[in-house]
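**Q** Contents of query.cif (mmCIF, C-alpha atoms) are below:
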data_data
loop_
_atom_site.label_atom_id
_atom_site.label_comp_id
_atom_site.auth_asym_id
_atom_site.auth_seq_id
_atom_site.Cartn_x
_atom_site.Cartn_y
_atom_site.Cartn_z
CA MET X 1 104.60 -73.48 142.97
CA SER X 2 105.64 -76.10 145.53
CA LYS X 3 108.47 -75.12 147.84
CA ASP X 4 110.15 -78.52 147.82
CA LYS X 5 113.66 -77.75 146.56
CA GLY X 6 114.92 -76.80 150.01
CA LYS X 7 115.11 -73.98 152.54
CA ILE X 8 117.53 -71.10 151.95
CA LEU X 9 118.44 -68.07 154.05
CA VAL X 10 119.14 -64.95 151.94
CA VAL X 11 120.94 -62.00 153.56
CA ASP X 12 121.61 -58.62 151.91
CA ASP X 13 121.43 -55.09 153.33
CA ASP X 14 120.25 -53.73 149.96
CA ARG X 15 116.47 -54.11 150.18
CA LEU X 16 116.04 -54.14 146.39
CA VAL X 17 118.62 -56.91 145.91
CA LEU X 18 117.05 -58.83 148.81
CA ALA X 19 113.54 -58.55 147.34
CA THR X 20 114.78 -59.63 143.89
CA LEU X 21 116.66 -62.64 145.27
CA THR X 22 113.79 -63.68 147.54
CA TYR X 23 111.22 -63.48 144.76
CA GLY X 24 113.41 -65.24 142.18
CA LEU X 25 114.39 -68.11 144.47
CA ALA X 26 110.79 -68.55 145.67
CA GLN X 27 109.65 -68.69 142.02
CA ALA X 28 112.31 -71.36 141.40
CA GLY X 29 110.75 -73.52 144.13
CA PHE X 30 112.83 -72.73 147.22
CA GLU X 31 111.49 -71.85 150.65
CA VAL X 32 113.17 -68.50 151.34
CA ILE X 33 113.91 -66.84 154.69
CA ASP X 34 115.34 -63.33 154.30
CA ALA X 35 117.20 -60.85 156.49
CA ASP X 36 118.73 -57.43 155.81
CA ASN X 37 121.42 -57.57 158.51
CA GLY X 38 123.77 -60.07 160.12
CA ASP X 39 122.24 -60.36 163.60
CA ASP X 40 118.73 -61.02 162.26
CA ALA X 41 120.28 -63.57 159.89
CA ILE X 42 121.79 -65.50 162.81
CA LEU X 43 118.58 -65.38 164.84
CA LEU X 44 116.58 -66.64 161.83
CA ALA X 45 119.14 -69.36 161.09
CA ARG X 46 118.95 -70.57 164.71
CA GLU X 47 115.16 -70.68 164.51
CA HIS X 48 114.56 -72.08 161.00
CA ARG X 49 117.75 -74.12 160.34
CA PRO X 50 117.95 -73.52 156.55
CA GLU X 51 119.89 -75.97 154.39
CA LEU X 52 121.91 -73.22 152.71
CA ALA X 53 122.64 -69.50 153.21
CA LEU X 54 123.29 -66.91 150.49
CA LEU X 55 125.18 -64.03 152.11
CA ASP X 56 126.14 -60.51 151.11
CA ILE X 57 129.61 -59.75 152.53
CA ARG X 58 129.67 -56.05 153.45
CA MET X 59 126.88 -55.10 155.82
CA GLU X 60 126.55 -52.82 158.86
CA GLY X 61 127.05 -54.64 162.17
CA LEU X 62 127.90 -58.29 161.55
CA SER X 63 129.40 -58.85 158.09
CA GLY X 64 128.63 -61.79 155.84
CA PHE X 65 131.95 -63.27 156.99
CA ASP X 66 130.83 -63.06 160.65
CA VAL X 67 127.53 -64.75 159.81
CA ALA X 68 129.29 -67.44 157.76
CA ALA X 69 131.72 -68.23 160.57
CA TYR X 70 128.79 -68.60 163.00
CA LEU X 71 126.79 -70.80 160.61
CA ARG X 72 129.80 -73.05 160.05
CA GLU X 73 130.89 -73.25 163.69
CA TYR X 74 127.59 -73.64 165.52
CA LEU X 75 124.85 -74.60 163.06
CA HIS X 76 126.83 -76.53 160.40
CA ILE X 77 124.93 -74.78 157.60
CA PRO X 78 126.75 -74.40 154.25
CA PHE X 79 126.85 -70.93 152.72
CA MET X 80 127.68 -69.08 149.53
CA PHE X 81 128.62 -65.43 149.10
CA LEU X 82 127.18 -62.81 146.78
CA SER X 83 129.35 -59.70 146.71
CA ALA X 84 130.35 -56.73 144.60
CA PHE X 85 133.94 -57.20 145.82
CA ALA X 86 136.43 -59.58 144.22
CA ASP X 87 139.73 -58.30 145.62
CA GLU X 88 142.40 -60.78 146.72
CA ALA X 89 141.77 -60.35 150.46
CA THR X 90 138.02 -60.97 150.04
CA VAL X 91 138.57 -64.06 147.87
CA ALA X 92 141.16 -65.42 150.33
CA LYS X 93 138.70 -65.01 153.22
CA VAL X 94 135.93 -66.72 151.20
CA LYS X 95 138.22 -69.73 150.64
CA GLU X 96 139.35 -69.77 154.27
CA LEU X 97 135.73 -69.92 155.49
CA GLY X 98 134.91 -72.72 153.07
CA ALA X 99 132.08 -71.18 151.05
CA VAL X 100 130.42 -73.54 148.57
CA ALA X 101 130.31 -70.73 145.96
CA TYR X 102 131.29 -67.10 145.46
CA LEU X 103 129.16 -65.02 143.10
CA VAL X 104 130.27 -61.53 142.10
CA LYS X 105 127.61 -58.84 141.57
CA PRO X 106 126.01 -57.61 139.42
CA LEU X 107 124.21 -60.88 138.71
CA ASP X 108 120.69 -61.55 137.62
CA ILE X 109 118.50 -64.19 139.20
CA HIS X 110 118.89 -66.52 136.18
CA GLN X 111 122.59 -66.85 137.04
CA ILE X 112 122.00 -67.24 140.77
CA VAL X 113 119.31 -69.97 140.69
CA PRO X 114 121.55 -72.57 138.92
CA ALA X 115 124.37 -71.88 141.41
CA VAL X 116 121.97 -72.38 144.34
CA GLU X 117 120.55 -75.57 142.76
CA ALA X 118 124.10 -76.91 142.27
CA ALA X 119 124.94 -76.18 145.92
CA PHE X 120 121.82 -78.08 147.06
CA ALA X 121 122.67 -81.01 144.76
CA ASN X 122 126.23 -81.16 146.14
CA ARG X 123 124.94 -80.98 149.71
CA LYS X 124 122.60 -83.93 149.15
CA GLN X 125 125.44 -86.02 147.64
CA THR X 126 127.74 -85.10 150.53
CA GLN X 127 125.08 -86.02 153.08
CA VAL X 128 124.74 -89.49 151.54
CA ALA X 129 128.50 -90.07 151.44
CA ALA X 130 129.70 -88.49 154.69
CA PRO X 131 129.25 -90.17 158.07
CA VAL X 132 127.36 -88.14 160.64
CA LEU X 133 129.80 -86.85 163.24
CA PRO X 134 128.67 -86.03 166.77
CA GLU X 135 128.38 -82.30 167.39
CA PRO X 136 131.12 -80.82 169.58
CA ALA X 137 130.05 -80.43 173.19
CA LYS X 138 129.65 -76.67 173.25
CA THR X 139 127.22 -74.92 175.50
CA VAL X 140 124.68 -72.50 174.09
CA LEU X 141 126.41 -69.79 176.11
CA ASP X 142 129.62 -70.17 174.06
CA GLU X 143 127.82 -69.08 170.94
CA LEU X 144 125.77 -66.16 172.22
CA ALA X 145 128.42 -63.57 173.12
CA PRO X 146 129.32 -62.89 169.44
CA VAL X 147 125.62 -62.65 168.56
CA ALA X 148 124.97 -60.16 171.39
CA VAL X 149 127.94 -58.03 170.27
CA GLY X 150 126.57 -58.09 166.71
CA VAL X 151 123.12 -57.03 167.92
CA LEU X 152 124.59 -54.07 169.81
CA MET X 153 126.76 -53.11 166.80
CA HIS X 154 123.72 -53.11 164.54
CA ARG X 155 121.24 -51.45 166.89
CA TYR X 156 123.54 -48.65 168.05
CA SER X 157 125.95 -48.34 165.08
CA LEU X 158 128.91 -49.26 167.28
CA SER X 159 132.29 -50.72 166.40
CA ARG X 160 132.94 -54.30 167.58
CA GLU X 161 135.16 -53.04 170.43
CA ASP X 162 132.56 -50.51 171.62
CA ALA X 163 129.78 -53.07 171.41
CA LEU X 164 131.79 -55.57 173.48
CA ALA X 165 132.60 -52.82 176.00
CA ARG X 166 128.89 -51.97 176.26
CA LEU X 167 128.00 -55.64 176.82
CA GLN X 168 130.70 -55.95 179.53
CA LYS X 169 129.44 -52.76 181.20
CA LEU X 170 125.85 -54.07 181.17
CA ALA X 171 126.98 -57.37 182.67
CA ALA X 172 129.01 -55.60 185.37
CA ALA X 173 126.15 -53.23 186.23
CA GLU X 174 123.75 -56.17 186.63
CA GLY X 175 126.34 -58.32 188.41
CA ARG X 176 126.10 -61.08 185.80
CA GLU X 177 128.58 -63.20 183.88
CA LEU X 178 129.19 -61.87 180.35
CA GLU X 179 127.75 -65.04 178.75
CA LEU X 180 124.55 -64.82 180.81
CA GLN X 181 124.11 -61.15 179.90
CA ALA X 182 124.64 -62.07 176.24
CA ARG X 183 122.01 -64.81 176.45
CA MET X 184 119.46 -62.48 178.06
CA LEU X 185 120.07 -59.84 175.39
CA VAL X 186 119.69 -62.34 172.53
CA GLU X 187 116.57 -63.88 174.06
CA ALA X 188 115.03 -60.40 174.42
CA VAL X 189 115.75 -59.64 170.75
CA GLU X 190 114.34 -63.04 169.70
CA MET X 191 111.16 -62.36 171.64
CA LEU X 192 110.79 -58.98 169.93
CA ALA X 193 111.45 -60.54 166.51
CA LEU X 194 108.85 -63.26 167.09
CA ALA X 195 106.20 -61.00 168.64
CA PRO X 196 103.17 -60.37 166.40
CA LYS X 197 103.44 -57.00 164.66
CA LEU X 198 100.72 -54.57 165.78
#
Would you write out, as C-alpha cells, the structure that this file holds?

**A**
Amino acid sequence: MSKDKGKILVVDDDRLVLATLTYGLAQAGFEVIDADNGDDAILLAREHRPELALLDIRMEGLSGFDVAAYLREYLHIPFMFLSAFADEATVAKVKELGAVAYLVKPLDIHQIVPAVEAAFANRKQTQVAAPVLPEPAKTVLDELAPVAVGVLMHRYSLSREDALARLQKLAAAEGRELELQARMLVEAVEMLALAPKL
C-alpha cells in the first residue's frame, strides 16, 4: 500500500489504542509517526513535520492540549483530538485551540479514517486559497523551555511547577540562562531518541 495520502502524527498514552490507530491509518494509506507521550510527540513533530496530528487529550506530562498549543504556535501543524472526555470545559478548550476535529472515544478505525481524510482534504483546499504568511521572528530558544519542562514532567513524574523549578535549579547550578539549559536538555533527549537501539 502506497503511503501517499499524507503524513500524520498519532499520540495516545494507551499503547493498544495507539497500535490500533497506527495500523488502521497506515492501512488506509497514511504515513504514520506515533508517540505515547507529549514530549516525544513534540520532538517527533519538530523532526518529521507531519501535515496533521491526532492527539489524545489526557496524558502524563504534557497533555494533548499542551502539544496542540505547541504545534499551532511554533510548527503551524493542524491537529484533531481523540478523547474519552466530552465535558463542557474540554470542548471549550478544543474550540479555543482551533482543532480541525474532535472525536469522542470509543471509536473504531472506520470512523476515524474518514475524519482524518476530511481534515487532509480541507487542509489542501486551505493551502491553495490562503496566502503564505511569513513566520513570526521567534528564536528557537523561545520554544524550548516548555518542551524541557514537559520532558522533566514526563521523565520524573513531576508537576509543571516542580519541573520548572528543577530546570531553573539546573540552570543556576551550571550558571546558564534558563533558555540555554532548556535547549541543552532537549538536544540531549533528541540525541537519545535518535540513537540506534542496541

**Q** Counting only C-alpha atoms, what is within 8 Å of Ile57 in chain X, bar same-chain residues fewer than 4 positions away, as a list in words?

**A**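 Listed by chain and then number, they are Ser63, Gly64, Phe65, Phe81, Leu82 and Ser83 of chain X.
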
**Q** Report the distance between CA of Ala35 in chain X and CA of Lys169 in chain X in Å, rounded to one decimal place.

**A**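 CA of Ala35 in chain X sits 28.7 Å away from CA of Lys169 in chain X.
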
**Q** How would you write, as a list in words, the residues chosen by the PyMOL selection byres ((chain X and resi 72) around 12) on this structure?

**A**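 Listing what the PyMOL selection byres ((chain X and resi 72) around 12) selects in the shown file: Ile42, Ala45, Glu51, Leu52, Ala53, Phe65, Asp66, Val67, Ala68, Ala69, Tyr70, Leu71, Glu73, Tyr74, Leu75, His76, Ile77, Pro78, Phe79, Met80, Glu96, Leu97, Gly98, Ala99, Val100, Glu135 and Glu143 of chain X.
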
**Q** Tell me, in Å to one decimal, how far CA of Arg49 in chain X is from CA of Asp4 in chain X.

**A** 15.3 Å

**Q** Please provide as number ranges by chain all residues within 12 Å of Val104 in chain X, with the sequence filter that same-chain residues fewer than 4 positions apart are discarded (counting all atoms listed in the file).

**A** X: 55-57, 80-87, 90-91, 94, 108, 111-112, 115
